[in-house]
file input.txt (compact mmCIF, C-alpha atoms)
# COMPACT_ATOMS: atom_id res chain seq x y z
CA MET O 1 -35.45 -20.05 -16.38
CA ILE O 2 -35.20 -18.18 -13.10
CA ARG O 3 -33.32 -21.11 -11.62
CA ASN O 4 -30.83 -21.08 -14.51
CA LEU O 5 -30.30 -17.36 -14.11
CA LEU O 6 -29.73 -17.74 -10.38
CA THR O 7 -27.24 -20.57 -10.96
CA ALA O 8 -25.37 -18.49 -13.54
CA THR O 9 -25.26 -15.50 -11.19
CA ALA O 10 -24.02 -17.63 -8.32
CA LEU O 11 -21.32 -19.13 -10.54
CA LEU O 12 -20.21 -15.68 -11.71
CA ALA O 13 -20.10 -14.39 -8.14
CA ALA O 14 -18.05 -17.40 -7.04
CA THR O 15 -15.45 -16.90 -9.79
CA ALA O 16 -15.01 -13.17 -9.10
CA LEU O 17 -12.19 -13.39 -6.59
CA PRO O 18 -11.48 -10.21 -4.66
CA ALA O 19 -8.02 -8.75 -5.29
CA PHE O 20 -5.99 -9.18 -2.14
CA ALA O 21 -3.03 -6.99 -1.35
CA HIS O 22 0.21 -8.87 -0.94
CA TYR O 23 2.14 -6.77 1.54
CA PRO O 24 5.17 -8.28 3.19
CA PHE O 25 5.20 -7.83 6.92
CA CYS O 26 7.65 -8.50 9.71
CA THR O 27 6.95 -7.90 13.36
CA CYS O 28 9.62 -8.38 16.01
CA THR O 29 9.38 -8.68 19.76
CA ALA O 30 12.17 -8.74 22.30
CA LYS O 31 12.04 -10.95 25.37
CA ASP O 32 14.75 -12.12 27.78
CA GLY O 33 17.63 -10.90 25.62
CA ALA O 34 16.34 -12.58 22.48
CA ILE O 35 14.41 -11.17 19.56
CA THR O 36 11.76 -13.16 17.77
CA CYS O 37 10.57 -12.01 14.36
CA GLU O 38 7.50 -13.26 12.61
CA GLY O 39 7.24 -12.59 8.89
CA GLY O 40 4.86 -13.28 6.09
CA PHE O 41 2.61 -11.72 3.52
CA SER O 42 -0.68 -10.07 4.27
CA ASP O 43 -2.56 -12.51 2.03
CA GLY O 44 -1.55 -15.33 4.37
CA THR O 45 1.47 -16.62 2.44
CA SER O 46 4.19 -17.94 4.73
CA ALA O 47 7.65 -16.39 4.72
CA GLU O 48 9.39 -19.79 4.84
CA GLY O 49 12.80 -19.52 3.19
CA VAL O 50 12.74 -15.72 3.02
CA LYS O 51 16.03 -14.09 3.95
CA LEU O 52 16.23 -12.04 7.12
CA ASP O 53 19.38 -10.18 7.98
CA VAL O 54 20.15 -8.28 11.14
CA ILE O 55 22.39 -5.43 10.05
CA SER O 56 24.22 -2.92 12.21
CA TYR O 57 24.04 0.80 11.48
CA ASP O 58 27.60 0.41 10.10
CA GLU O 59 26.27 -2.04 7.47
CA ASP O 60 27.77 -5.22 8.99
CA VAL O 61 25.49 -8.24 8.74
CA LEU O 62 25.28 -9.42 12.35
CA VAL O 63 22.83 -12.30 11.92
CA PRO O 64 22.17 -13.82 8.49
CA ALA O 65 19.09 -16.04 8.73
CA LYS O 66 16.14 -17.56 6.91
CA PHE O 67 12.56 -17.99 8.08
CA ASP O 68 11.67 -21.52 9.18
CA ALA O 69 8.49 -23.45 8.45
CA THR O 70 6.63 -21.57 11.19
CA SER O 71 7.56 -18.25 9.53
CA LYS O 72 9.56 -17.25 12.60
CA ILE O 73 13.16 -16.53 13.53
CA SER O 74 14.78 -16.08 16.95
CA PHE O 75 18.20 -14.64 17.58
CA PRO O 76 20.04 -13.11 20.54
CA LYS O 77 19.71 -9.35 20.70
CA PRO O 78 22.81 -7.74 19.18
CA ASP O 79 24.56 -4.88 20.97
CA GLY O 80 24.38 -1.35 19.66
CA GLU O 81 22.19 0.08 16.96
CA PHE O 82 20.85 -2.23 14.27
CA TYR O 83 17.97 -2.88 11.92
CA ILE O 84 16.27 -6.05 10.82
CA LEU O 85 15.78 -6.51 7.08
CA PHE O 86 13.12 -8.88 5.80
CA ASP O 87 14.28 -9.39 2.22
CA ALA O 88 11.96 -11.21 -0.19
CA GLY O 89 13.52 -9.47 -3.20
CA PRO O 90 13.63 -5.91 -4.52
CA GLY O 91 10.61 -3.92 -3.43
CA HIS O 92 9.51 -6.77 -1.18
CA ILE O 93 11.39 -5.70 1.88
CA VAL O 94 10.43 -4.72 5.38
CA GLU O 95 12.85 -2.85 7.53
CA VAL O 96 12.38 -3.03 11.26
CA ASP O 97 14.51 -0.55 13.12
CA TYR O 98 15.60 -1.65 16.59
CA GLN O 99 13.49 1.21 17.95
CA ASP O 100 10.44 -0.44 16.36
CA VAL O 101 11.06 -3.82 18.01
CA GLU O 102 8.34 -4.38 20.56
CA GLY O 103 9.80 -4.56 24.06
CA LEU O 104 13.01 -2.68 23.20
CA ALA O 105 12.53 0.75 24.68
CA PRO O 106 14.45 3.35 22.68
CA MET Z 1 -55.56 -3.97 -12.51
CA SER Z 2 -54.73 -2.15 -15.69
CA ALA Z 3 -53.95 -2.99 -19.31
CA GLY Z 4 -55.02 -6.54 -18.73
CA VAL Z 5 -51.67 -7.51 -17.17
CA ALA Z 6 -51.99 -9.98 -14.36
CA ARG Z 7 -49.91 -8.69 -11.44
CA GLY Z 8 -50.81 -11.28 -8.90
CA ASN Z 9 -53.85 -12.19 -6.95
CA ALA Z 10 -53.60 -10.14 -3.79
CA GLN Z 11 -56.83 -9.90 -1.86
CA THR Z 12 -56.17 -6.97 0.43
CA ARG Z 13 -56.10 -3.34 -0.59
CA ILE Z 14 -52.50 -2.81 0.45
CA GLY Z 15 -51.51 -6.02 -1.30
CA ARG Z 16 -53.02 -4.80 -4.56
CA TRP Z 17 -51.35 -1.41 -4.15
CA TRP Z 18 -47.97 -3.11 -3.68
CA GLN Z 19 -48.50 -5.30 -6.72
CA ASP Z 20 -49.17 -2.25 -8.88
CA TRP Z 21 -46.57 0.02 -7.34
CA ARG Z 22 -43.52 -2.27 -7.06
CA PHE Z 23 -42.84 -1.77 -10.77
CA HIS Z 24 -41.46 1.68 -9.90
CA LEU Z 25 -38.61 0.02 -8.01
CA SER Z 26 -37.05 -0.74 -11.39
CA ALA Z 27 -36.03 2.94 -11.49
CA VAL Z 28 -33.49 2.02 -8.79
CA ALA Z 29 -31.57 0.15 -11.48
CA VAL Z 30 -30.98 3.49 -13.19
CA ILE Z 31 -30.69 5.80 -10.16
CA VAL Z 32 -28.10 3.81 -8.19
CA PRO Z 33 -25.53 3.67 -11.03
CA ILE Z 34 -26.00 7.41 -11.66
CA LEU Z 35 -25.31 8.15 -7.99
CA CYS Z 36 -22.13 6.10 -8.33
CA PHE Z 37 -20.82 8.16 -11.27
CA PRO Z 38 -18.92 10.94 -9.41
CA PRO Z 39 -16.77 8.71 -7.16
CA PHE Z 40 -16.21 6.35 -10.07
CA TYR Z 41 -14.96 9.11 -12.36
CA THR Z 42 -12.81 10.66 -9.62
CA LEU Z 43 -11.07 7.32 -9.13
CA ALA Z 44 -10.84 6.68 -12.87
CA MET Z 45 -9.26 10.09 -13.43
CA GLN Z 46 -6.71 9.45 -10.69
CA ALA Z 47 -5.89 6.01 -12.01
CA SER Z 48 -5.67 7.09 -15.67
CA GLY Z 49 -3.61 10.20 -15.01
CA LYS Z 50 -6.27 12.66 -16.21
CA ALA Z 51 -6.17 14.24 -12.74
CA GLY Z 52 -2.38 14.58 -12.93
CA LEU Z 53 -0.21 12.17 -11.01
CA GLY Z 54 -2.40 12.06 -7.97
CA ALA Z 55 -4.80 14.12 -5.99
CA ARG Z 56 -2.66 17.26 -5.93
CA GLU Z 57 -0.14 18.96 -8.16
CA ALA Z 58 3.04 16.89 -8.45
CA SER Z 59 6.28 18.11 -6.88
CA GLU Z 60 9.51 18.25 -8.85
CA LEU Z 61 12.35 16.18 -7.50
CA GLN Z 62 15.89 15.99 -8.88
CA VAL Z 63 17.53 12.60 -8.27
CA GLY Z 64 21.06 12.56 -9.70
CA PRO Z 65 20.69 13.47 -13.39
CA PHE Z 66 16.97 12.69 -13.45
CA PRO Z 67 14.22 15.27 -12.91
CA LEU Z 68 11.26 13.30 -11.53
CA LYS Z 69 7.78 14.25 -10.43
CA ILE Z 70 6.18 12.83 -7.33
CA ALA Z 71 2.72 13.18 -5.80
CA GLU Z 72 0.52 11.51 -3.26
CA PHE Z 73 -2.17 9.41 -4.92
CA ASN Z 74 -4.95 10.73 -2.72
CA THR Z 75 -5.17 13.29 0.04
CA ASP Z 76 -6.14 10.78 2.71
CA ALA Z 77 -3.98 10.05 5.74
CA PRO Z 78 -2.03 6.77 5.66
CA ILE Z 79 -4.23 3.70 5.95
CA GLY Z 80 -3.61 1.05 8.61
CA GLN Z 81 -3.17 -2.36 6.97
CA GLY Z 82 -2.99 -4.49 10.09
CA VAL Z 83 0.31 -6.35 10.45
CA ALA Z 84 1.63 -4.67 7.29
CA GLY Z 85 1.61 -1.32 9.11
CA ASP Z 86 0.39 2.12 8.09
CA ARG Z 87 0.74 2.63 4.35
CA LYS Z 88 0.47 5.46 1.90
CA VAL Z 89 0.36 5.37 -1.91
CA PHE Z 90 2.58 7.69 -3.95
CA SER Z 91 2.84 8.11 -7.69
CA LEU Z 92 5.84 9.16 -9.70
CA ALA Z 93 6.58 10.19 -13.28
CA LEU Z 94 10.01 9.66 -14.84
CA CYS Z 95 11.49 12.36 -17.05
CA LYS Z 96 10.90 11.91 -20.78
CA GLY Z 97 13.42 9.53 -22.31
CA CYS Z 98 14.81 8.51 -18.92
CA GLU Z 99 12.99 5.19 -18.81
CA ASP Z 100 15.67 3.49 -20.94
CA ARG Z 101 18.35 4.34 -18.40
CA ILE Z 102 16.44 3.63 -15.21
CA ARG Z 103 16.24 0.12 -13.89
CA ALA Z 104 14.29 0.73 -10.71
CA VAL Z 105 12.99 3.51 -8.51
CA TYR Z 106 12.47 3.00 -4.78
CA LEU Z 107 10.76 5.07 -2.11
CA ARG Z 108 11.44 5.15 1.60
CA VAL Z 109 10.81 7.44 4.55
CA GLY Z 110 14.22 8.48 5.86
CA LYS Z 111 17.55 8.10 4.12
CA PRO Z 112 18.11 4.54 2.88
CA ARG Z 113 21.11 2.79 4.36
CA SER Z 114 21.80 0.57 1.34
CA ILE Z 115 20.29 -0.37 -2.02
CA ARG Z 116 18.88 -3.52 -0.38
CA ALA Z 117 16.99 -1.36 2.09
CA ALA Z 118 15.93 1.28 -0.44
CA GLY Z 119 12.27 0.66 0.34
CA ALA Z 120 9.21 0.17 -1.80
CA LEU Z 121 9.62 -0.40 -5.53
CA PHE Z 122 7.69 1.77 -7.97
CA ASN Z 123 5.83 -0.11 -10.66
CA GLY Z 124 3.67 0.79 -13.63
CA PRO Z 125 4.19 2.80 -16.80
CA PRO Z 126 7.12 5.30 -16.73
CA SER Z 127 4.79 8.28 -16.92
CA ARG Z 128 2.79 7.06 -13.98
CA MET Z 129 4.39 4.66 -11.55
CA THR Z 130 2.90 3.95 -8.16
CA THR Z 131 4.04 2.40 -4.95
CA ASP Z 132 2.76 1.81 -1.49
CA VAL Z 133 5.18 2.76 1.24
CA GLN Z 134 5.14 1.62 4.85
CA LEU Z 135 5.46 4.26 7.55
CA PRO Z 136 7.17 2.66 10.55
CA GLY Z 137 6.37 3.84 14.06
CA SER Z 138 9.79 5.40 14.66
CA ILE Z 139 9.71 7.92 11.81
CA SER Z 140 9.25 11.63 12.32
CA VAL Z 141 7.82 14.32 10.10
CA ASN Z 142 11.34 15.72 9.54
CA ASP Z 143 12.70 12.48 8.07
CA GLY Z 144 11.93 13.28 4.46
CA LEU Z 145 10.83 11.05 1.64
CA TRP Z 146 13.82 9.50 -0.12
CA VAL Z 147 13.74 8.35 -3.71
CA THR Z 148 16.48 6.00 -4.89
CA VAL Z 149 17.08 5.56 -8.62
CA GLU Z 150 19.07 2.57 -9.79
CA GLU Z 151 20.45 2.70 -13.32
CA TRP Z 152 21.08 -0.33 -15.51
CA ASP Z 153 24.83 0.05 -15.08
CA GLY Z 154 24.38 -0.17 -11.31
CA THR Z 155 24.81 3.53 -10.55
CA VAL Z 156 22.64 4.61 -7.64
CA HIS Z 157 21.29 8.13 -7.13
CA LYS Z 158 19.38 9.40 -4.14
CA GLY Z 159 17.21 12.43 -3.68
CA ASP Z 160 14.81 13.59 -1.01
CA ILE Z 161 11.75 15.72 -0.62
CA ALA Z 162 10.06 16.90 2.56
CA ILE Z 163 7.03 14.85 3.61
CA GLU Z 164 5.21 18.15 4.07
CA THR Z 165 5.73 19.03 0.37
CA ALA Z 166 4.95 15.64 -1.12
CA SER Z 167 2.07 14.77 1.17
CA PRO Z 168 0.62 17.32 3.60
CA ALA Z 169 -1.89 14.67 4.71
CA THR Z 170 0.91 12.34 5.87
CA ALA Z 171 2.76 15.22 7.56
CA GLN Z 172 -0.39 16.16 9.45
CA TRP Z 173 -1.00 12.55 10.41
CA LEU Z 174 2.59 12.21 11.69
CA ARG Z 175 2.39 15.44 13.68
CA ARG Z 176 -0.85 14.30 15.27
CA LYS Z 177 0.76 10.96 16.15
CA GLU Z 178 3.86 12.64 17.60
CA GLY Z 179 1.64 15.01 19.55
CA SER Z 180 -0.32 12.16 21.12
CA GLN Z 181 2.88 10.37 22.20
CA LYS Z 182 4.21 13.36 24.15
call {"tool": "encode", "arguments": {"input": "input.txt", "output": "structure tokens"}}
result
Amino acid sequence: MIRNLLTATALLAATALPAFAHYPFCTCTAKDGAITCEGGFSDGTSAEGVKLDVISYDEDVLVPAKFDATSKISFPKPDGEFYILFDAGPGHIVEVDYQDVEGLAP
Amino acid sequence: MSAGVARGNAQTRIGRWWQDWRFHLSAVAVIVPILCFPPFYTLAMQASGKAGLGAREASELQVGPFPLKIAEFNTDAPIGQGVAGDRKVFSLALCKGCEDRIRAVYLRVGKPRSIRAAGALFNGPPSRMTTDVQLPGSISVNDGLWVTVEEWDGTVHKGDIAIETASPATAQWLRRKEGSQK
């Protein structure tokens, strides 16, 4: 009886999956004139195929790109002021201003 | 041993005392849930709307033709979510009858540059939508909280409210952060 109860409890506990947040993230670092961005979702999902655009403050798309299988993108650092837009659909965006790129001192 | 109930066969005095006394631990099954009532009801009232939109009185915000109400969900400072950055939850109520015209409502710190970059998308029932906005490192307390409303016909309206008004906790957190960088 006790053993059955314990088994049932263990089964219940195993099926109660914790609710994980699913935040998109995108972190960019600058090194030797190139910027590398790593994207993904906070539950561990890869960002493969997700659109990433580098857009100037005048709204020109400077670098249109997509994340590769390693969930990363590298591109040469554009001149002037720009922001990096991780775009996995409405509401699933991350904007990285050039001032927030690690290694690019404002 | 009392009432003829066998409670074990402990030999020592302390062992017998434990066998008789441990029954009182069952009271824990009642006491612990009772202690959990206040935080549970606080959260339930926030989530169900009984405590208004959030932890404080909601602020009015006019975005184009739509009078909206916005509030911070709780009075805590933004929470660090690792790689996803520092985040803060806001809730919003649409005006009565507006829900048929509104396609989406977005929230962002600082003025959005385009509809693609309008920020976090509100979701939930029209009288109580919530979203979780990221606060990037480069923002300042003067940037303002911008709400973008997109109508079904594609019309876009923008409106802003001071961070200080919508969320004093976030404003304080930002000022402390700016202070420590100087």
call {"tool": "interface_residues", "arguments": {"input": "input.txt", "of": "chain Z", "to": "chain O", "cutoff": "6 Å", "atoms": "only C-alpha atoms", "output": "JSON, numbers by chain"}}
result
{"Z": [84, 120, 121]}
call {"tool": "atom_distance", "arguments": {"input": "input.txt", "atom1": "CA of Gly80 (chain Z)", "atom2": "CA of Gln46 (chain Z)"}}
result
21.3 Å
call {"tool": "closest_residue", "arguments": {"input": "input.txt", "among": "Z:His24, Z:Lys96, Z:Arg176, Z:His157", "to": "Pro65 (chain Z)", "atoms": "all atoms listed in the file"}}
result
Z:His157
call {"tool": "atom_distance", "arguments": {"input": "input.txt", "atom1": "CA of Ser138 (chain Z)", "atom2": "CA of Asp86 (chain Z)"}}
result
11.9 Å
call {"tool": "residues_around", "arguments": {"input": "input.txt", "residues": "Lys77 (chain O)", "least_positions_apart": "3", "cutoff": "8 Å", "atoms": "only C-alpha atoms", "output": "mmCIF file with C-alpha atoms, in the frame of the given file"}}
result
data_model
loop_
_atom_site.group_PDB
_atom_site.id
_atom_site.type_symbol
_atom_site.label_atom_id
_atom_site.label_comp_id
_atom_site.auth_asym_id
_atom_site.auth_seq_id
_atom_site.Cartn_x
_atom_site.Cartn_y
_atom_site.Cartn_z
ATOM 1 C CA ALA O 30 12.170 -8.740 22.300
ATOM 2 C CA GLY O 33 17.630 -10.900 25.620
ATOM 3 C CA ALA O 34 16.340 -12.580 22.480
ATOM 4 C CA ILE O 35 14.410 -11.170 19.560
#
call {"tool": "atom_distance", "arguments": {"input": "input.txt", "atom1": "CA of Arg56 (chain Z)", "atom2": "CA of Thr170 (chain Z)"}}
result
13.3 Å
call {"tool": "closest_residue", "arguments": {"input": "input.txt", "among": "Z:Ser59, Z:Thr155, Z:Ser127, Z:Ser167", "to": "Val109 (chain Z)", "atoms": "all atoms listed in the file"}}
result
Z:Ser167
call {"tool": "closest_residue", "arguments": {"input": "input.txt", "among": "O:Ser46, O:Arg3, O:Phe82, O:Lys72", "to": "Asp60 (chain O)", "atoms": "all atoms listed in the file"}}
result
O:Phe82
call {"tool": "residues_around", "arguments": {"input": "input.txt", "residues": "Glu164 (chain Z)", "least_positions_apart": "2", "cutoff": "12 Å", "atoms": "all atoms listed in the file", "output": "PyMOL selection string"}}
result
chain Z and resi 59+71-72+140-145+160-162+166-175
call {"tool": "write_last_selection", "arguments": {"input": "input.txt", "atoms": "C-alpha atoms", "output": "short mmCIF file (atom, residue, chain, number, x, y, z; two decimals), keeping the file's coordinate frame"}}
result
data_model
loop_
_atom_site.label_atom_id
_atom_site.label_comp_id
_atom_site.auth_asym_id
_atom_site.auth_seq_id
_atom_site.Cartn_x
_atom_site.Cartn_y
_atom_site.Cartn_z
CA SER Z 59 6.28 18.11 -6.88
CA ALA Z 71 2.72 13.18 -5.80
CA GLU Z 72 0.52 11.51 -3.26
CA SER Z 140 9.25 11.63 12.32
CA VAL Z 141 7.82 14.32 10.10
CA ASN Z 142 11.34 15.72 9.54
CA ASP Z 143 12.70 12.48 8.07
CA GLY Z 144 11.93 13.28 4.46
CA LEU Z 145 10.83 11.05 1.64
CA ASP Z 160 14.81 13.59 -1.01
CA ILE Z 161 11.75 15.72 -0.62
CA ALA Z 162 10.06 16.90 2.56
CA ALA Z 166 4.95 15.64 -1.12
CA SER Z 167 2.07 14.77 1.17
CA PRO Z 168 0.62 17.32 3.60
CA ALA Z 169 -1.89 14.67 4.71
CA THR Z 170 0.91 12.34 5.87
CA ALA Z 171 2.76 15.22 7.56
CA GLN Z 172 -0.39 16.16 9.45
CA TRP Z 173 -1.00 12.55 10.41
CA LEU Z 174 2.59 12.21 11.69
CA ARG Z 175 2.39 15.44 13.68
#
call {"tool": "closest_residue", "arguments": {"input": "input.txt", "among": "Z:Thr131, Z:Gly159, Z:Pro136, Z:Glu60", "to": "Pro112 (chain Z)", "atoms": "only C-alpha atoms"}}
result
Z:Gly159
call {"tool": "build_atoms", "arguments": {"input": "input.txt", "residues": "region 1-35 of chain O", "atoms": "N, CA and C atoms", "output": "PDB file, in the frame of the given file"}}
result
ATOM      1  N   MET O   1     -36.118 -21.243 -15.855  1.00  0.00           N
ATOM      2  CA  MET O   1     -35.450 -20.050 -16.380  1.00  0.00           C
ATOM      3  C   MET O   1     -34.812 -19.242 -15.239  1.00  0.00           C
ATOM      4  N   ILE O   2     -35.684 -18.942 -14.254  1.00  0.00           N
ATOM      5  CA  ILE O   2     -35.200 -18.180 -13.100  1.00  0.00           C
ATOM      6  C   ILE O   2     -34.079 -18.959 -12.406  1.00  0.00           C
ATOM      7  N   ARG O   3     -34.306 -20.271 -12.308  1.00  0.00           N
ATOM      8  CA  ARG O   3     -33.320 -21.110 -11.620  1.00  0.00           C
ATOM      9  C   ARG O   3     -31.982 -21.080 -12.374  1.00  0.00           C
ATOM     10  N   ASN O   4     -32.058 -21.147 -13.720  1.00  0.00           N
ATOM     11  CA  ASN O   4     -30.830 -21.080 -14.510  1.00  0.00           C
ATOM     12  C   ASN O   4     -30.104 -19.763 -14.307  1.00  0.00           C
ATOM     13  N   LEU O   5     -30.894 -18.684 -14.308  1.00  0.00           N
ATOM     14  CA  LEU O   5     -30.300 -17.360 -14.110  1.00  0.00           C
ATOM     15  C   LEU O   5     -29.604 -17.274 -12.765  1.00  0.00           C
ATOM     16  N   LEU O   6     -30.302 -17.785 -11.732  1.00  0.00           N
ATOM     17  CA  LEU O   6     -29.730 -17.740 -10.380  1.00  0.00           C
ATOM     18  C   LEU O   6     -28.431 -18.540 -10.321  1.00  0.00           C
ATOM     19  N   THR O   7     -28.445 -19.733 -10.961  1.00  0.00           N
ATOM     20  CA  THR O   7     -27.240 -20.570 -10.960  1.00  0.00           C
ATOM     21  C   THR O   7     -26.101 -19.836 -11.650  1.00  0.00           C
ATOM     22  N   ALA O   8     -26.410 -19.215 -12.804  1.00  0.00           N
ATOM     23  CA  ALA O   8     -25.370 -18.490 -13.540  1.00  0.00           C
ATOM     24  C   ALA O   8     -24.812 -17.346 -12.708  1.00  0.00           C
ATOM     25  N   THR O   9     -25.703 -16.620 -12.032  1.00  0.00           N
ATOM     26  CA  THR O   9     -25.260 -15.500 -11.190  1.00  0.00           C
ATOM     27  C   THR O   9     -24.369 -15.989 -10.057  1.00  0.00           C
ATOM     28  N   ALA O  10     -24.792 -17.083  -9.427  1.00  0.00           N
ATOM     29  CA  ALA O  10     -24.020 -17.630  -8.320  1.00  0.00           C
ATOM     30  C   ALA O  10     -22.643 -18.059  -8.801  1.00  0.00           C
ATOM     31  N   LEU O  11     -22.592 -18.679  -9.983  1.00  0.00           N
ATOM     32  CA  LEU O  11     -21.320 -19.130 -10.540  1.00  0.00           C
ATOM     33  C   LEU O  11     -20.399 -17.941 -10.815  1.00  0.00           C
ATOM     34  N   LEU O  12     -20.979 -16.896 -11.408  1.00  0.00           N
ATOM     35  CA  LEU O  12     -20.210 -15.680 -11.710  1.00  0.00           C
ATOM     36  C   LEU O  12     -19.642 -15.076 -10.423  1.00  0.00           C
ATOM     37  N   ALA O  13     -20.507 -14.998  -9.405  1.00  0.00           N
ATOM     38  CA  ALA O  13     -20.100 -14.390  -8.140  1.00  0.00           C
ATOM     39  C   ALA O  13     -18.975 -15.209  -7.507  1.00  0.00           C
ATOM     40  N   ALA O  14     -19.049 -16.533  -7.663  1.00  0.00           N
ATOM     41  CA  ALA O  14     -18.050 -17.400  -7.040  1.00  0.00           C
ATOM     42  C   ALA O  14     -16.699 -17.280  -7.754  1.00  0.00           C
ATOM     43  N   THR O  15     -16.723 -16.966  -9.062  1.00  0.00           N
ATOM     44  CA  THR O  15     -15.450 -16.900  -9.790  1.00  0.00           C
ATOM     45  C   THR O  15     -14.808 -15.516  -9.681  1.00  0.00           C
ATOM     46  N   ALA O  16     -15.583 -14.507  -9.229  1.00  0.00           N
ATOM     47  CA  ALA O  16     -15.010 -13.170  -9.100  1.00  0.00           C
ATOM     48  C   ALA O  16     -14.257 -13.076  -7.778  1.00  0.00           C
ATOM     49  N   LEU O  17     -12.968 -13.411  -7.812  1.00  0.00           N
ATOM     50  CA  LEU O  17     -12.190 -13.390  -6.590  1.00  0.00           C
ATOM     51  C   LEU O  17     -11.796 -11.959  -6.263  1.00  0.00           C
ATOM     52  N   PRO O  18     -11.922 -11.558  -5.018  1.00  0.00           N
ATOM     53  CA  PRO O  18     -11.480 -10.210  -4.660  1.00  0.00           C
ATOM     54  C   PRO O  18      -9.961 -10.115  -4.775  1.00  0.00           C
ATOM     55  N   ALA O  19      -9.465  -8.944  -5.167  1.00  0.00           N
ATOM     56  CA  ALA O  19      -8.020  -8.750  -5.290  1.00  0.00           C
ATOM     57  C   ALA O  19      -7.445  -8.470  -3.916  1.00  0.00           C
ATOM     58  N   PHE O  20      -6.594  -9.360  -3.449  1.00  0.00           N
ATOM     59  CA  PHE O  20      -5.990  -9.180  -2.140  1.00  0.00           C
ATOM     60  C   PHE O  20      -4.631  -8.508  -2.270  1.00  0.00           C
ATOM     61  N   ALA O  21      -4.360  -7.595  -1.375  1.00  0.00           N
ATOM     62  CA  ALA O  21      -3.030  -6.990  -1.350  1.00  0.00           C
ATOM     63  C   ALA O  21      -2.042  -8.043  -0.850  1.00  0.00           C
ATOM     64  N   HIS O  22      -0.814  -7.876  -1.233  1.00  0.00           N
ATOM     65  CA  HIS O  22       0.210  -8.870  -0.940  1.00  0.00           C
ATOM     66  C   HIS O  22       1.369  -8.164  -0.262  1.00  0.00           C
ATOM     67  N   TYR O  23       1.084  -7.507   0.862  1.00  0.00           N
ATOM     68  CA  TYR O  23       2.140  -6.770   1.540  1.00  0.00           C
ATOM     69  C   TYR O  23       3.019  -7.720   2.338  1.00  0.00           C
ATOM     70  N   PRO O  24       4.326  -7.536   2.262  1.00  0.00           N
ATOM     71  CA  PRO O  24       5.170  -8.280   3.190  1.00  0.00           C
ATOM     72  C   PRO O  24       5.082  -7.630   4.561  1.00  0.00           C
ATOM     73  N   PHE O  25       5.159  -8.426   5.583  1.00  0.00           N
ATOM     74  CA  PHE O  25       5.200  -7.830   6.920  1.00  0.00           C
ATOM     75  C   PHE O  25       6.217  -8.566   7.775  1.00  0.00           C
ATOM     76  N   CYS O  26       6.685  -7.907   8.795  1.00  0.00           N
ATOM     77  CA  CYS O  26       7.650  -8.500   9.710  1.00  0.00           C
ATOM     78  C   CYS O  26       7.490  -7.783  11.046  1.00  0.00           C
ATOM     79  N   THR O  27       7.091  -8.515  12.044  1.00  0.00           N
ATOM     80  CA  THR O  27       6.950  -7.900  13.360  1.00  0.00           C
ATOM     81  C   THR O  27       7.914  -8.603  14.322  1.00  0.00           C
ATOM     82  N   CYS O  28       8.609  -7.818  15.117  1.00  0.00           N
ATOM     83  CA  CYS O  28       9.620  -8.380  16.010  1.00  0.00           C
ATOM     84  C   CYS O  28       9.323  -8.001  17.451  1.00  0.00           C
ATOM     85  N   THR O  29       9.545  -8.954  18.332  1.00  0.00           N
ATOM     86  CA  THR O  29       9.380  -8.680  19.760  1.00  0.00           C
ATOM     87  C   THR O  29      10.626  -9.138  20.501  1.00  0.00           C
ATOM     88  N   ALA O  30      10.999  -8.386  21.507  1.00  0.00           N
ATOM     89  CA  ALA O  30      12.170  -8.740  22.300  1.00  0.00           C
ATOM     90  C   ALA O  30      11.713  -9.274  23.644  1.00  0.00           C
ATOM     91  N   LYS O  31      12.364 -10.377  24.065  1.00  0.00           N
ATOM     92  CA  LYS O  31      12.040 -10.950  25.370  1.00  0.00           C
ATOM     93  C   LYS O  31      13.249 -11.692  25.888  1.00  0.00           C
ATOM     94  N   ASP O  32      13.634 -11.433  27.122  1.00  0.00           N
ATOM     95  CA  ASP O  32      14.750 -12.120  27.780  1.00  0.00           C
ATOM     96  C   ASP O  32      16.016 -12.122  26.926  1.00  0.00           C
ATOM     97  N   GLY O  33      16.385 -10.997  26.381  1.00  0.00           N
ATOM     98  CA  GLY O  33      17.630 -10.900  25.620  1.00  0.00           C
ATOM     99  C   GLY O  33      17.604 -11.519  24.245  1.00  0.00           C
ATOM    100  N   ALA O  34      16.447 -12.025  23.824  1.00  0.00           N
ATOM    101  CA  ALA O  34      16.340 -12.580  22.480  1.00  0.00           C
ATOM    102  C   ALA O  34      15.244 -11.854  21.705  1.00  0.00           C
ATOM    103  N   ILE O  35      15.422 -11.810  20.404  1.00  0.00           N
ATOM    104  CA  ILE O  35      14.410 -11.170  19.560  1.00  0.00           C
ATOM    105  C   ILE O  35      13.785 -12.234  18.675  1.00  0.00           C
TER     106      ILE O  35
END
